[in-house]
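As provided, work-v2.csv (CSV, C-alpha atoms and all ligand atoms) reads as follows.
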```csv
chain,number,residue,atom,x,y,z
O,1,MET,CA,-16.3,-11.1,4.9
O,2,ASP,CA,-17.4,-10.3,1.4
O,3,PHE,CA,-14.9,-8.0,-0.3
O,4,GLY,CA,-17.0,-7.4,-3.4
O,5,ALA,CA,-17.4,-3.6,-2.8
O,6,VAL,CA,-13.7,-3.2,-2.1
O,7,ARG,CA,-12.8,-5.1,-5.3
O,8,GLU,CA,-15.3,-3.1,-7.3
O,9,HIS,CA,-13.8,0.1,-6.0
O,10,TYR,CA,-10.3,-0.8,-7.2
O,11,THR,CA,-11.2,-2.7,-10.4
O,12,THR,CA,-10.2,-0.9,-13.7
O,13,GLU,CA,-9.2,-2.1,-17.1
O,14,ASP,CA,-6.4,-1.3,-19.6
O,15,VAL,CA,-4.1,-0.4,-16.7
O,16,VAL,CA,-0.8,-1.0,-18.4
O,17,SER,CA,-1.7,0.6,-21.7
O,18,ARG,CA,-2.8,3.8,-19.9
O,19,ILE,CA,0.5,3.8,-17.8
O,20,LEU,CA,2.7,3.3,-20.9
O,21,ALA,CA,0.8,6.1,-22.8
O,22,ALA,CA,1.2,8.5,-19.9
O,23,LEU,CA,4.9,7.7,-19.4
O,24,ARG,CA,5.7,8.1,-23.1
O,25,SER,CA,3.8,11.3,-23.4
O,26,VAL,CA,5.7,12.9,-20.5
O,27,ASN,CA,9.2,11.2,-21.0
O,28,GLY,CA,9.3,10.5,-24.7
O,29,PRO,CA,8.6,7.3,-26.7
O,30,GLY,CA,11.9,5.7,-25.7
O,31,VAL,CA,11.4,6.0,-21.9
O,32,PRO,CA,12.8,2.8,-20.3
O,33,ILE,CA,10.2,0.8,-18.3
O,34,LEU,CA,11.9,0.5,-14.9
O,35,PRO,CA,10.7,0.6,-11.3
O,36,ASP,CA,12.2,4.1,-11.0
O,37,THR,CA,10.4,5.5,-14.1
O,38,LEU,CA,7.1,3.8,-13.1
O,39,ALA,CA,7.4,5.1,-9.5
O,40,PRO,CA,5.4,8.3,-9.9
O,41,ILE,CA,2.4,6.1,-10.9
O,42,ASP,CA,2.7,2.6,-9.4
O,43,HIS,CA,3.0,3.3,-5.6
O,44,PHE,CA,-0.7,3.6,-4.5
O,45,HIS,CA,-0.4,5.6,-1.3
O,46,GLY,CA,-0.3,9.3,-0.3
O,47,LYS,CA,3.5,9.8,-0.2
O,48,GLY,CA,4.2,7.5,-3.1
O,49,VAL,CA,7.7,6.0,-3.5
O,50,ILE,CA,9.0,8.0,-0.5
O,51,ALA,CA,6.6,6.0,1.8
O,52,THR,CA,7.9,2.8,0.3
O,53,GLU,CA,11.5,3.9,1.0
O,54,GLU,CA,10.6,4.7,4.6
O,55,LEU,CA,8.9,1.3,4.9
O,56,ALA,CA,12.0,-0.4,3.5
O,57,ALA,CA,14.2,1.5,6.0
O,58,MET,CA,12.1,-0.1,8.8
O,59,LEU,CA,12.0,-3.6,7.3
O,60,GLN,CA,15.7,-3.7,6.0
O,61,PRO,CA,15.2,-6.4,3.4
O,62,GLN,CA,18.3,-8.6,2.6
O,63,ALA,CA,19.2,-10.0,-0.8
O,64,ASN,CA,18.5,-13.6,0.1
O,65,ASP,CA,15.1,-12.8,1.7
O,66,HIS,CA,11.7,-13.8,0.3
O,67,LEU,CA,9.3,-10.9,1.1
O,68,LEU,CA,5.5,-11.0,1.2
O,69,ASP,CA,3.6,-7.9,0.1
O,70,ILE,CA,0.0,-8.1,1.4
O,71,GLY,CA,-2.3,-6.1,-0.8
O,72,CYS,CA,0.3,-5.4,-3.5
O,73,GLY,CA,-1.8,-3.3,-5.8
O,74,ILE,CA,-0.2,-3.1,-9.3
O,75,GLY,CA,3.1,-4.2,-7.8
O,76,GLY,CA,5.1,-0.9,-7.6
O,77,PRO,CA,6.4,-1.4,-4.1
O,78,ALA,CA,7.2,-5.1,-4.8
O,79,ARG,CA,9.2,-4.4,-7.9
O,80,TRP,CA,11.0,-1.5,-6.2
O,81,MET,CA,12.0,-3.8,-3.2
O,82,ALA,CA,13.2,-6.5,-5.6
O,83,ALA,CA,15.2,-4.0,-7.7
O,84,LYS,CA,16.8,-2.2,-4.8
O,85,PHE,CA,17.6,-5.1,-2.5
O,86,GLY,CA,17.9,-8.0,-5.0
O,87,CYS,CA,15.4,-10.1,-3.0
O,88,ARG,CA,12.4,-12.1,-4.1
O,89,VAL,CA,8.9,-10.8,-3.5
O,90,THR,CA,5.5,-12.4,-3.6
O,91,GLY,CA,2.6,-10.0,-3.8
O,92,VAL,CA,-1.0,-11.0,-3.0
O,93,ASP,CA,-4.0,-8.8,-4.0
O,94,LEU,CA,-7.8,-9.1,-4.0
O,95,THR,CA,-8.3,-7.1,-7.3
O,96,GLU,CA,-7.8,-9.3,-10.3
O,97,SER,CA,-7.2,-6.5,-12.8
O,98,PHE,CA,-4.4,-5.1,-10.5
O,99,CYS,CA,-2.8,-8.6,-10.4
O,100,ALA,CA,-2.9,-8.9,-14.2
O,101,ALA,CA,-1.3,-5.4,-14.5
O,102,ALA,CA,1.3,-6.2,-11.9
O,103,ARG,CA,2.3,-9.4,-13.8
O,104,GLU,CA,2.6,-7.5,-17.1
O,105,LEU,CA,4.7,-4.7,-15.5
O,106,ASN,CA,6.9,-7.4,-13.9
O,107,SER,CA,7.6,-8.8,-17.3
O,108,LEU,CA,8.2,-5.3,-18.9
O,109,THR,CA,10.7,-4.4,-16.1
O,110,GLY,CA,12.5,-7.7,-16.4
O,111,LEU,CA,11.6,-8.7,-12.8
O,112,ALA,CA,9.1,-11.5,-13.5
O,113,ASP,CA,11.6,-14.1,-12.2
O,114,ARG,CA,11.8,-12.4,-8.8
O,115,VAL,CA,8.4,-10.9,-8.3
O,116,ASN,CA,5.5,-13.3,-8.2
O,117,ILE,CA,1.9,-12.1,-8.0
O,118,LEU,CA,-1.0,-14.2,-6.5
O,119,HIS,CA,-4.6,-13.3,-6.6
O,120,GLY,CA,-6.2,-13.8,-3.2
O,121,SER,CA,-7.4,-12.2,0.1
O,122,ALA,CA,-5.2,-11.0,3.0
O,123,LEU,CA,-7.6,-13.0,5.3
O,124,ALA,CA,-6.8,-16.3,3.5
O,125,LEU,CA,-3.4,-15.8,2.0
O,126,PRO,CA,-2.7,-18.3,-0.8
O,127,VAL,CA,0.8,-19.0,0.6
O,128,PRO,CA,2.3,-21.8,2.8
O,129,ASP,CA,3.0,-21.5,6.5
O,130,ALA,CA,6.3,-20.0,7.5
O,131,GLY,CA,7.4,-19.3,3.9
O,132,PHE,CA,8.6,-15.7,4.2
O,133,ASP,CA,11.4,-13.9,6.0
O,134,ARG,CA,9.7,-10.5,6.0
O,135,ALA,CA,6.3,-9.2,5.1
O,136,TYR,CA,4.8,-5.7,4.6
O,137,SER,CA,1.5,-4.1,3.9
O,138,GLN,CA,1.1,-0.5,2.8
O,139,ALA,CA,-2.2,1.4,2.6
O,140,VAL,CA,-4.4,-1.8,2.8
O,141,LEU,CA,-5.6,-2.2,6.4
O,142,MET,CA,-8.1,0.7,6.0
O,143,ASN,CA,-10.2,-1.7,3.8
O,144,ILE,CA,-10.1,-4.6,6.3
O,145,SER,CA,-12.5,-4.8,9.3
O,146,ASP,CA,-11.0,-8.0,10.7
O,147,LYS,CA,-7.5,-6.7,11.5
O,148,LEU,CA,-6.9,-9.6,13.9
O,149,GLY,CA,-7.6,-12.1,11.1
O,150,PHE,CA,-5.2,-10.1,8.8
O,151,LEU,CA,-2.5,-10.2,11.4
O,152,ARG,CA,-3.0,-13.9,12.2
O,153,GLU,CA,-2.6,-14.7,8.5
O,154,ALA,CA,0.6,-12.5,8.3
O,155,LEU,CA,2.0,-14.4,11.4
O,156,ARG,CA,1.2,-17.7,9.8
O,157,ALA,CA,3.1,-16.8,6.6
O,158,LEU,CA,6.2,-15.6,8.4
O,159,ARG,CA,9.0,-17.9,9.5
O,160,PRO,CA,9.8,-17.7,13.3
O,161,GLY,CA,11.8,-14.5,13.9
O,162,GLY,CA,10.3,-13.0,10.7
O,163,LEU,CA,9.4,-9.3,10.5
O,164,LEU,CA,6.2,-7.5,9.6
O,165,ALA,CA,6.1,-3.8,8.6
O,166,LEU,CA,2.8,-1.9,8.3
O,167,SER,CA,1.9,1.6,7.1
O,168,PHE,CA,-1.7,2.6,6.9
O,169,VAL,CA,-4.3,5.3,7.6
O,170,GLY,CA,-5.8,5.2,11.1
O,171,ALA,CA,-8.6,6.9,12.9
O,172,GLY,CA,-8.1,10.5,13.9
O,173,PRO,CA,-9.2,12.3,17.1
O,174,ALA,CA,-11.4,14.8,15.3
O,175,GLY,CA,-14.1,12.4,14.0
O,176,GLU,CA,-15.0,10.9,10.7
O,177,PRO,CA,-12.8,11.6,7.6
O,178,TYR,CA,-14.1,13.5,4.6
O,179,TYR,CA,-15.4,11.1,2.0
O,180,PRO,CA,-14.9,10.1,-0.8
O,181,LEU,CA,-11.4,8.8,-0.2
O,182,PRO,CA,-8.8,6.9,-2.3
O,183,TRP,CA,-9.6,3.7,-0.5
O,184,ALA,CA,-13.3,4.1,0.0
O,185,VAL,CA,-16.0,6.3,-1.4
O,186,THR,CA,-18.2,5.9,1.7
O,187,ALA,CA,-17.8,4.7,5.3
O,188,ALA,CA,-19.1,1.3,4.4
O,189,THR,CA,-15.7,0.0,3.3
O,190,SER,CA,-13.5,2.1,5.5
O,191,PHE,CA,-12.4,0.6,8.8
O,192,LEU,CA,-10.0,2.9,10.7
O,193,VAL,CA,-8.5,2.1,14.1
O,194,THR,CA,-6.3,3.9,16.6
O,195,PRO,CA,-2.6,3.1,17.3
O,196,ASP,CA,-3.8,1.5,20.6
O,197,GLU,CA,-6.3,-0.7,18.8
O,198,ILE,CA,-3.7,-2.0,16.3
O,199,ARG,CA,-1.2,-2.5,19.2
O,200,ALA,CA,-3.7,-4.7,21.0
O,201,ASP,CA,-4.4,-6.7,17.8
O,202,LEU,CA,-0.7,-7.2,17.1
O,203,LEU,CA,-0.1,-8.6,20.6
O,204,THR,CA,-3.3,-10.8,20.5
O,205,ALA,CA,-2.2,-12.2,17.1
O,206,GLY,CA,1.1,-13.2,18.7
O,207,PHE,CA,3.5,-10.6,17.4
O,208,GLN,CA,6.2,-8.8,19.5
O,209,ILE,CA,6.2,-5.1,18.7
O,210,VAL,CA,9.5,-3.5,17.8
O,211,THR,CA,8.1,0.0,17.0
O,212,LEU,CA,4.6,1.5,16.7
O,213,ARG,CA,4.3,5.2,15.8
O,214,ASP,CA,1.7,7.8,15.0
O,215,THR,CA,3.4,9.6,12.1
O,216,SER,CA,0.4,12.0,11.4
O,217,GLU,CA,2.3,15.2,12.0
O,218,GLU,CA,5.3,14.5,9.9
O,219,VAL,CA,3.2,13.0,7.0
O,220,ALA,CA,0.8,16.0,7.1
O,221,ALA,CA,3.7,18.4,7.0
O,222,ALA,CA,5.3,16.5,4.0
O,223,LEU,CA,1.9,16.5,2.2
O,224,ALA,CA,1.1,20.2,2.8
O,225,PRO,CA,2.8,21.4,-0.4
O,226,VAL,CA,1.3,18.5,-2.4
O,227,LEU,CA,-2.2,19.5,-1.2
O,228,ARG,CA,-1.6,23.1,-2.1
O,229,GLN,CA,-0.4,22.2,-5.6
O,230,LEU,CA,-3.4,19.8,-6.1
O,231,GLU,CA,-5.9,22.6,-5.0
O,232,THR,CA,-4.4,25.2,-7.2
O,233,ASP,CA,-2.9,23.4,-10.3
O,234,GLY,CA,-4.8,20.1,-10.3
O,235,LEU,CA,-3.4,16.7,-11.0
O,236,PRO,CA,0.2,16.5,-12.3
O,237,PRO,CA,0.8,14.6,-15.6
O,238,LEU,CA,1.9,11.4,-13.8
O,239,GLY,CA,0.3,10.0,-10.7
O,240,GLU,CA,-1.8,7.2,-9.4
O,241,HIS,CA,-4.8,8.9,-11.2
O,242,VAL,CA,-3.4,7.4,-14.5
O,243,VAL,CA,-4.7,4.1,-13.0
O,244,THR,CA,-7.6,5.2,-10.8
O,245,GLY,CA,-9.1,8.0,-13.0
O,246,GLU,CA,-9.8,11.7,-12.6
O,247,ASN,CA,-11.8,11.1,-9.3
O,248,ALA,CA,-8.4,10.8,-7.8
O,249,LYS,CA,-8.1,14.6,-7.5
O,250,GLU,CA,-11.1,14.8,-5.1
O,251,TRP,CA,-10.1,11.6,-3.3
O,252,ARG,CA,-6.6,12.8,-2.7
O,253,ILE,CA,-7.6,16.3,-1.6
O,254,ASN,CA,-10.1,14.7,0.9
O,255,SER,CA,-7.4,12.3,2.1
O,256,MET,CA,-4.9,15.1,2.8
O,257,ARG,CA,-7.4,17.4,4.3
O,258,SER,CA,-8.6,14.6,6.6
O,259,LEU,CA,-5.1,14.0,7.8
O,260,ARG,CA,-4.4,17.8,8.2
O,261,ASP,CA,-7.6,18.2,10.2
O,262,ARG,CA,-6.9,15.1,12.3
O,263,HIS,CA,-9.9,13.2,11.0
O,264,THR,CA,-7.5,10.4,10.2
O,265,SER,CA,-4.0,9.5,11.4
O,266,MET,CA,-1.0,7.8,9.9
O,267,ILE,CA,0.3,4.7,11.7
O,268,GLU,CA,3.4,2.7,11.1
O,269,ALA,CA,4.5,-0.4,12.9
O,270,LEU,CA,7.3,-3.0,12.9
O,271,ALA,CA,6.7,-6.3,14.7
O,272,HIS,CA,8.3,-9.7,14.7
O,273,LYS,CA,7.1,-13.3,15.0
O,274,PRO,CA,8.7,-14.8,18.1
O,275,ALA,CA,11.6,-17.1,17.2
O,301,LIG,C1,-4.4,1.7,-1.7
O,301,LIG,S1,-4.0,0.2,-2.6
O,301,LIG,C2,-2.3,0.0,-2.1
O,301,LIG,C3,-1.6,-0.9,-3.0
O,301,LIG,C4,-0.1,-1.2,-2.6
O,301,LIG,N1,0.0,-1.7,-1.3
O,301,LIG,C5,0.7,0.1,-2.8
O,301,LIG,O1,1.0,0.7,-1.7
O,301,LIG,O2,1.0,0.5,-3.9
O,301,LIG,C6,-4.9,-1.0,-1.6
O,301,LIG,C7,-4.8,-2.3,-2.2
O,301,LIG,O3,-5.3,-3.3,-1.2
O,301,LIG,C8,-6.0,-4.3,-1.9
O,301,LIG,N2,-6.8,-5.0,-0.9
O,301,LIG,C9,-7.9,-4.4,-0.2
O,301,LIG,N3,-8.4,-5.4,0.6
O,301,LIG,C10,-7.7,-6.5,0.4
O,301,LIG,C11,-7.8,-7.8,0.9
O,301,LIG,N4,-8.8,-8.2,1.8
O,301,LIG,N5,-6.9,-8.8,0.5
O,301,LIG,C12,-6.0,-8.4,-0.4
O,301,LIG,N6,-5.8,-7.2,-0.9
O,301,LIG,C13,-6.7,-6.3,-0.5
O,301,LIG,C14,-6.7,-3.6,-3.0
O,301,LIG,O4,-7.1,-4.5,-4.0
O,301,LIG,C15,-5.6,-2.6,-3.4
O,301,LIG,O5,-4.8,-3.1,-4.4
```
Please render this file's structure as structure tokens.
Amino acid sequence: MDFGAVREHYTTEDVVSRILAALRSVNGPGVPILPDTLAPIDHFHGKGVIATEELAAMLQPQANDHLLDIGCGIGGPARWMAAKFGCRVTGVDLTESFCAAARELNSLTGLADRVNILHGSALALPVPDAGFDRAYSQAVLMNISDKLGFLREALRALRPGGLLALSFVGAGPAGEPYYPLPWAVTAATSFLVTPDEIRADLLTAGFQIVTLRDTSEEVAAALAPVLRQLETDGLPPLGEHVVTGENAKEWRINSMRSLRDRHTSMIEALAHKPA
């Protein structure tokens, strides 16, 4: 599959200088550049760092683990995992400008020795077979039509007994979402599936499922005050829009309204590669 349109959607320049300027204007010129201070900006999914914490609670990384982050964005979740659990993380992402920003932020946060960023596609991961103890992917599967290919690559990268945690936007019962959205401005690059469809793909790929949940109701409830605030006050001073631009307001409102109205769903899954 040609991911040109997906890459183009995410590509943006001067990411790190914009992040540093925003952080300093809100927190003062001496703000330390750490995973926690970057967190309002560098976790690119609806619930931000809270969603990363929830994913980590499912995955339970250990200090001697090597984790794989598939579609790592600018590396917020990868740095957060490395800082909180003391593990090593390799992130892979399609978008070169995001990979460059992730590497720069790894250096600025002092985590470059434990967080490694590789440019590449989730459908042809530039990593060896069975090299990882655990893998995760947050807010990426919406851009990938070949979910079975994605899951087969994740299975290949994991050691026997290794775990995969997924969190992503799925299809909703009420029909098509409201576009434009944070991951796709039109339906051409948005590929949403139901929990049953991802369950079937996980099993076909060779995973054993530990948990698979539709978390739409709880995520919609958590995002309701965020949606109200965006609709009335607009964008807060810090957020993923520092990277993605002012369109993020419309994209985020559409995303939250789509979930509220069940035009999308939220899916999380934990699966393991048989030992
Ligand atoms: C919404 S962002 C989420 C980034 C990160 N997972 C996070 O939660 O902060 C989606 C990311 O998936 C990446 N992506 C989309 N399709 C991909 C593919 N086929 N292979 C690797 N990365 C991909 C994009 O470049 C983008 O960085």
- Which residue out of O:Val140, O:Ala269, O:Ala102, O:Ala165 has the minimum interatomic distance to ligand LIG 301 (chain O) when all atoms listed in the file are used?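 Selected residue with least distance to ligand LIG 301 (chain O): O:Val140.
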- Task: Choose the residue, out of O:Ala205, O:Ala57, O:Ala78, O:Met142, that has the smallest atom-to-atom separation from Val115 (chain O); count all atoms listed in the file.
- Result: O:Ala78
- Message: Around ligand LIG 301 (chain O), out to 8 Å and counting all atoms listed in the file, which residues are there? I want them as a ChimeraX atom specification.
- Response: /O:3,6-7,10-11,42-45,48,52,69-77,92-96,98,120-123,125,137-141,143-144,182-183
- Straight-line distance linking CA of Met81 (chain O) with CA of Glu53 (chain O), stated in Å to one decimal: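 Interatomic distance here is 8.8 Å.
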- Name the closest residue to His272 (chain O) among the candidates O:Gly162, O:Gly170, O:Pro237, O:Gly4; distances are taken between atoms, counting all atoms listed in the file.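 The answer is O:Gly162, which sits nearest to His272 (chain O).
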- Message: For a quick check of understanding, using only C-alpha atoms, which of O:Ala184, O:Leu238, O:Ala221, O:Ala124 has the smallest distance to Asp146 (chain O)?
- Response: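 Ranked by minimum distance to Asp146 (chain O), first place goes to O:Ala124.
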- Message: Just the number, please: distance in Å from CA of Leu203 (chain O) to CA of Ile117 (chain O), one decimal.
- Response: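 Taking CA of Leu203 (chain O) as the start and CA of Ile117 (chain O) as the end point, the length is 28.9 Å.
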- Quick one: of O:Ala63, O:Leu55, O:Ala82, O:Ala112, who's nearest to Leu164 (chain O), counting all atoms listed in the file?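 Nearest candidate to Leu164 (chain O) out of O:Ala63, O:Leu55, O:Ala82, O:Ala112: O:Leu55.
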- Query: What is the distance between CA of Arg228 (chain O) and CA of His9 (chain O), in Å to one decimal?
  - Reply: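 CA of His9 (chain O) lies at a distance of 26.3 Å from CA of Arg228 (chain O).
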